[in-house]
file structure-v2.csv (CSV, C-alpha atoms and all ligand atoms)
chain,number,residue,atom,x,y,z
A,763,MET,CA,69.6,138.5,-24.3
A,764,THR,CA,66.5,136.6,-23.2
A,765,THR,CA,63.8,138.6,-21.5
A,766,VAL,CA,64.6,137.0,-18.2
A,767,ALA,CA,68.3,137.9,-18.5
A,768,LEU,CA,67.4,141.4,-19.4
A,769,LEU,CA,65.1,141.7,-16.4
A,770,LEU,CA,67.7,140.3,-14.1
A,771,SER,CA,70.4,142.6,-15.4
A,772,SER,CA,68.2,145.7,-14.7
A,773,LEU,CA,67.7,144.8,-11.1
A,774,PRO,CA,70.0,146.4,-8.5
A,775,ALA,CA,72.8,144.0,-7.4
A,776,LEU,CA,71.8,142.1,-4.4
A,777,ALA,CA,74.2,142.8,-1.6
A,778,GLU,CA,75.9,139.8,0.0
A,779,PRO,CA,78.0,139.8,3.2
A,780,LEU,CA,81.6,140.8,2.8
A,781,PRO,CA,84.1,138.1,3.9
A,782,PRO,CA,85.8,138.5,7.2
A,783,PRO,CA,88.7,141.0,7.0
A,784,GLU,CA,92.3,139.7,6.5
A,785,GLY,CA,94.0,142.9,7.6
A,786,GLU,CA,93.8,145.0,10.8
A,787,VAL,CA,90.2,146.0,11.5
A,788,LEU,CA,89.8,149.8,11.2
A,789,LEU,CA,86.1,150.0,11.5
A,790,ARG,CA,83.3,147.9,13.1
A,791,VAL,CA,79.6,148.4,12.2
A,792,THR,CA,77.5,147.0,15.1
A,793,GLY,CA,73.9,146.7,16.1
A,794,ASN,CA,71.0,146.2,13.8
A,795,ILE,CA,72.7,145.2,10.5
A,796,GLU,CA,71.7,142.7,7.8
A,797,TYR,CA,75.2,141.6,6.6
A,798,PRO,CA,77.6,140.9,9.5
A,799,ASN,CA,80.9,139.1,8.7
A,800,VAL,CA,82.3,138.5,12.3
A,801,ASP,CA,80.2,137.6,15.3
A,802,GLY,CA,77.1,139.7,14.3
A,803,GLU,CA,79.2,142.7,13.4
A,804,LEU,CA,80.7,144.0,10.1
A,805,HIS,CA,84.4,144.3,10.5
A,806,LEU,CA,86.3,146.2,7.8
A,807,ASP,CA,90.0,146.5,7.1
A,808,TYR,CA,91.8,149.1,5.0
A,809,GLU,CA,91.4,147.2,1.7
A,810,GLN,CA,87.7,146.5,2.2
A,811,LEU,CA,87.0,150.1,3.1
A,812,MET,CA,88.8,151.3,0.0
A,813,SER,CA,86.7,148.9,-2.1
A,814,LEU,CA,83.4,150.5,-1.0
A,815,SER,CA,82.7,153.4,-3.4
A,816,PRO,CA,85.9,155.3,-2.6
A,817,ARG,CA,85.8,159.0,-3.2
A,818,VAL,CA,88.3,161.9,-3.1
A,819,ILE,CA,87.4,165.1,-1.4
A,820,GLU,CA,89.8,168.0,-1.7
A,821,THR,CA,88.9,170.5,1.0
A,822,THR,CA,90.0,172.6,3.8
A,823,THR,CA,88.7,171.7,7.3
A,824,PRO,CA,88.6,173.5,10.6
A,825,TRP,CA,91.2,171.1,11.9
A,826,THR,CA,93.8,170.8,9.1
A,827,GLU,CA,96.2,173.2,7.3
A,828,GLY,CA,95.6,174.2,3.7
A,829,VAL,CA,93.6,172.0,1.2
A,830,GLY,CA,93.9,168.3,2.0
A,831,ARG,CA,93.2,165.5,-0.4
A,832,PHE,CA,91.1,163.1,1.6
A,833,GLU,CA,90.1,159.6,0.4
A,834,GLY,CA,87.8,156.9,1.7
A,835,PRO,CA,84.5,155.1,1.2
A,836,LEU,CA,81.2,157.0,1.0
A,837,PHE,CA,79.6,156.8,4.4
A,838,ARG,CA,76.3,155.7,2.8
A,839,ALA,CA,78.1,152.9,0.9
A,840,VAL,CA,79.4,151.5,4.2
A,841,LEU,CA,75.9,151.6,5.7
A,842,GLU,CA,74.6,149.8,2.6
A,843,ALA,CA,77.3,147.2,2.8
A,844,ALA,CA,76.2,146.5,6.4
A,845,GLY,CA,72.6,146.4,5.4
A,846,ALA,CA,71.8,149.2,7.9
A,847,GLU,CA,68.3,150.8,7.5
A,848,SER,CA,68.0,153.1,10.5
A,849,GLU,CA,67.2,156.8,10.3
A,850,SER,CA,70.4,157.7,12.2
A,851,VAL,CA,73.6,156.0,13.4
A,852,ARG,CA,75.9,156.5,16.4
A,853,VAL,CA,79.5,157.1,15.6
A,854,THR,CA,82.0,156.3,18.3
A,855,SER,CA,85.6,157.1,18.5
A,856,LEU,CA,88.6,155.4,20.1
A,857,ASN,CA,88.6,158.1,22.7
A,858,GLU,CA,85.0,157.6,23.7
A,859,TYR,CA,83.6,160.7,21.9
A,860,GLU,CA,80.3,159.7,20.3
A,861,VAL,CA,77.6,161.5,18.3
A,862,GLU,CA,74.5,160.7,16.4
A,863,ILE,CA,74.6,161.3,12.6
A,864,PRO,CA,71.2,161.4,10.8
A,865,ARG,CA,71.0,159.2,7.6
A,866,SER,CA,69.8,162.3,5.7
A,867,ASP,CA,73.3,163.8,6.0
A,868,VAL,CA,75.0,161.0,4.2
A,869,GLN,CA,72.2,160.7,1.6
A,870,ASP,CA,72.2,164.5,0.9
A,871,TYR,CA,76.0,164.9,0.9
A,872,ASP,CA,78.9,162.8,-0.3
A,873,VAL,CA,80.2,162.4,3.3
A,874,ILE,CA,83.2,160.0,3.4
A,875,LEU,CA,84.9,158.0,6.0
A,876,ALA,CA,88.4,159.3,5.2
A,877,ILE,CA,91.2,156.9,5.7
A,878,LYS,CA,93.8,158.5,3.5
A,879,ARG,CA,95.1,162.1,3.4
A,880,ASP,CA,97.5,163.3,0.8
A,881,GLY,CA,98.2,159.8,-0.4
A,882,ALA,CA,98.9,158.2,3.0
A,883,PRO,CA,96.9,156.4,5.6
A,884,ILE,CA,95.7,158.8,8.4
A,885,ALA,CA,97.6,158.1,11.6
A,886,VAL,CA,95.8,157.8,14.9
A,887,ARG,CA,97.9,160.6,16.3
A,888,ASP,CA,96.5,162.7,13.5
A,889,LEU,CA,92.7,162.4,12.8
A,890,GLY,CA,92.8,158.7,11.9
A,891,PRO,CA,92.4,155.9,11.5
A,892,VAL,CA,89.0,156.9,10.3
A,893,PHE,CA,87.6,160.4,10.1
A,894,VAL,CA,84.1,161.5,9.2
A,895,LEU,CA,84.6,164.1,6.5
A,896,TYR,CA,81.9,166.3,5.1
A,897,PRO,CA,82.7,168.1,1.8
A,898,PHE,CA,83.1,171.5,3.4
A,899,ASP,CA,84.5,173.5,0.5
A,900,GLU,CA,81.9,172.2,-1.9
A,901,HIS,CA,79.1,173.1,0.6
A,902,PRO,CA,80.2,176.0,2.8
A,903,GLN,CA,76.9,175.8,4.6
A,904,LEU,CA,78.3,172.7,6.3
A,905,LEU,CA,80.7,174.8,8.3
A,906,ASN,CA,78.5,175.1,11.3
A,907,GLU,CA,78.6,173.8,14.9
A,908,THR,CA,76.2,170.9,14.4
A,909,ILE,CA,78.3,169.5,11.5
A,910,ARG,CA,81.5,170.1,13.4
A,911,HIS,CA,80.2,167.9,16.2
A,912,ARG,CA,79.5,165.2,13.7
A,913,SER,CA,83.0,165.4,12.2
A,914,VAL,CA,84.3,162.6,14.4
A,915,TRP,CA,88.0,161.6,14.2
A,916,HIS,CA,89.6,158.5,15.6
A,917,VAL,CA,86.4,156.6,14.6
A,918,GLY,CA,86.3,153.0,15.7
A,919,ALA,CA,82.7,152.0,15.3
A,920,ILE,CA,79.4,152.9,13.9
A,921,ASP,CA,76.4,151.5,15.9
A,922,VAL,CA,73.1,151.0,14.1
A,923,PRO,CA,70.0,151.2,16.4
B,1,LIG,N1,87.3,161.8,18.3
B,1,LIG,C1,86.8,162.9,18.5
B,1,LIG,N2,86.2,163.6,17.5
B,1,LIG,C2,85.6,164.8,17.7
B,1,LIG,C3,85.6,165.4,19.0
B,1,LIG,C4,86.3,164.7,20.0
B,1,LIG,O1,86.4,165.1,21.2
B,1,LIG,N3,86.9,163.4,19.8
B,1,LIG,N4,85.0,166.6,19.2
B,1,LIG,C5,84.0,167.0,18.3
B,1,LIG,C6,83.5,168.3,18.5
B,1,LIG,S1,82.4,168.6,19.7
B,1,LIG,C7,83.9,169.4,17.7
B,1,LIG,S2,83.3,170.9,17.8
B,1,LIG,C8,85.0,169.1,16.8
B,1,LIG,C9,86.2,169.7,17.5
B,1,LIG,O2,86.4,170.9,16.9
B,1,LIG,P1,87.4,172.0,17.6
B,1,LIG,O3,88.7,171.3,17.8
B,1,LIG,O4,87.4,173.1,16.6
B,1,LIG,O5,86.7,172.3,18.9
B,1,LIG,O6,85.4,167.8,16.6
B,1,LIG,C10,84.4,166.8,16.9
B,1,LIG,N5,85.0,165.5,16.7
B,2,MO,MO,82.3,171.0,19.9
call {"tool": "encode", "arguments": {"input": "structure-v2.csv", "output": "structure tokens"}}
result
Amino acid sequence: MTTVALLLSSLPALAEPLPPPEGEVLLRVTGNIEYPNVDGELHLDYEQLMSLSPRVIETTTPWTEGVGRFEGPLFRAVLEAAGAESESVRVTSLNEYEVEIPRSDVQDYDVILAIKRDGAPIAVRDLGPVFVLYPFDEHPQLLNETIRHRSVWHVGAIDVP
């Protein structure tokens, strides 16, 4: 390799905007973002969400029976794909519940935006289509009221101030 090629290959990949989604939009990232794909917002369908650093978390939760196998993108990977830089974001649900989540949560923990549970998409009548899931069993200190409030289900949008 030439020195230039070596230098380039050691740089972090430069993010570029994702294409507009082809499938049903499950999540919109709105507000102050660098990489919109539809009318100033980042719209993501199921396939696109699953392409952003997907993780599996096997855990119990206060809202589900037994150990669930949850899958979805890392929350921080979605913020990176949007080019969001803020110290916190506002997560809103389809039923108008909303809460602020500090960036430090998703940097310190592998919080995912769960879109699959036990191998199948999470239904809206369940916790879906998108559920903010903290790794509770791995970090039992997360089982507190503050984090329960941030465990938004029926997520529709993340707003970046
Ligand atoms: N979509 C949605 N997510 C939500 C809520 C809600 O009302 N709607 N309530 C939050 C709050 S305040 C808490 S404490 C937990 C609900 O936990 P509980 O059912 O044990 O009270 O979910 C959080 N996520
Ligand atoms: Mo609550």
call {"tool": "residues_around", "arguments": {"input": "structure-v2.csv", "residues": "segment 914-917 of chain A", "least_positions_apart": "6", "cutoff": "10 Å", "atoms": "only C-alpha atoms", "output": "PyMOL selection string"}}
result
chain A and resi 788-790+853-861+863+875-876+884-895
call {"tool": "closest_residue", "arguments": {"input": "structure-v2.csv", "among": "A:Glu796, A:Glu862, A:Glu784, A:Asp872", "to": "Ser815 of chain A", "atoms": "all atoms listed in the file"}}
result
A:Asp872
call {"tool": "atom_distance", "arguments": {"input": "structure-v2.csv", "atom1": "atom CA of Thr822 of chain A", "atom2": "atom CA of Ile874 of chain A"}}
result
14.3 Å
call {"tool": "closest_residue", "arguments": {"input": "structure-v2.csv", "among": "A:Gln810, A:Asn906, A:Thr821, A:Thr826", "to": "Val840 of chain A", "atoms": "only C-alpha atoms"}}
result
A:Gln810
call {"tool": "closest_residue", "arguments": {"input": "structure-v2.csv", "among": "A:Val818, A:Met812, A:Val800, A:Ile909", "to": "Pro779 of chain A", "atoms": "all atoms listed in the file"}}
result
A:Val800
call {"tool": "residues_near_ligand", "arguments": {"input": "structure-v2.csv", "ligand": "ligand MO 2 (chain B)", "cutoff": "10 Å", "atoms": "only C-alpha atoms and all ligand atoms", "output": "VMD selection string"}}
result
chain A and resid 907 to 913
call {"tool": "residues_around", "arguments": {"input": "structure-v2.csv", "residues": "Pro864 of chain A", "least_positions_apart": "3", "cutoff": "10 Å", "atoms": "all atoms listed in the file", "output": "list in words"}}
result
Ser848, Glu849, Ser850, Val851, Arg852, Val861, Asp867, Val868, Gln869 and Arg912 of chain A
call {"tool": "residues_around", "arguments": {"input": "structure-v2.csv", "residues": "segment 842-845 of chain A", "least_positions_apart": "3", "cutoff": "6 Å", "atoms": "all atoms listed in the file", "output": "list in words"}}
result
Ile795, Glu796, Tyr797 and Ala839 of chain A
call {"tool": "closest_residue", "arguments": {"input": "structure-v2.csv", "among": "A:Pro897, A:Arg879, A:Gly918, A:Pro923", "to": "Thr823 of chain A", "atoms": "only C-alpha atoms"}}
result
A:Pro897
call {"tool": "atom_distance", "arguments": {"input": "structure-v2.csv", "atom1": "atom CA of Pro782 of chain A", "atom2": "atom CA of Asp801 of chain A"}}
result
9.9 Å
call {"tool": "closest_residue", "arguments": {"input": "structure-v2.csv", "among": "A:Gly793, A:Pro816, A:Gly785, A:Gly802", "to": "Phe832 of chain A", "atoms": "only C-alpha atoms"}}
result
A:Pro816
call {"tool": "atom_distance", "arguments": {"input": "structure-v2.csv", "atom1": "atom CA of Arg831 of chain A", "atom2": "atom CA of Ile920 of chain A"}}
result
23.5 Å
call {"tool": "closest_residue", "arguments": {"input": "structure-v2.csv", "among": "A:Glu847, A:Val829, A:Phe837, A:Val922", "to": "Asp899 of chain A", "atoms": "all atoms listed in the file"}}
result
A:Val829
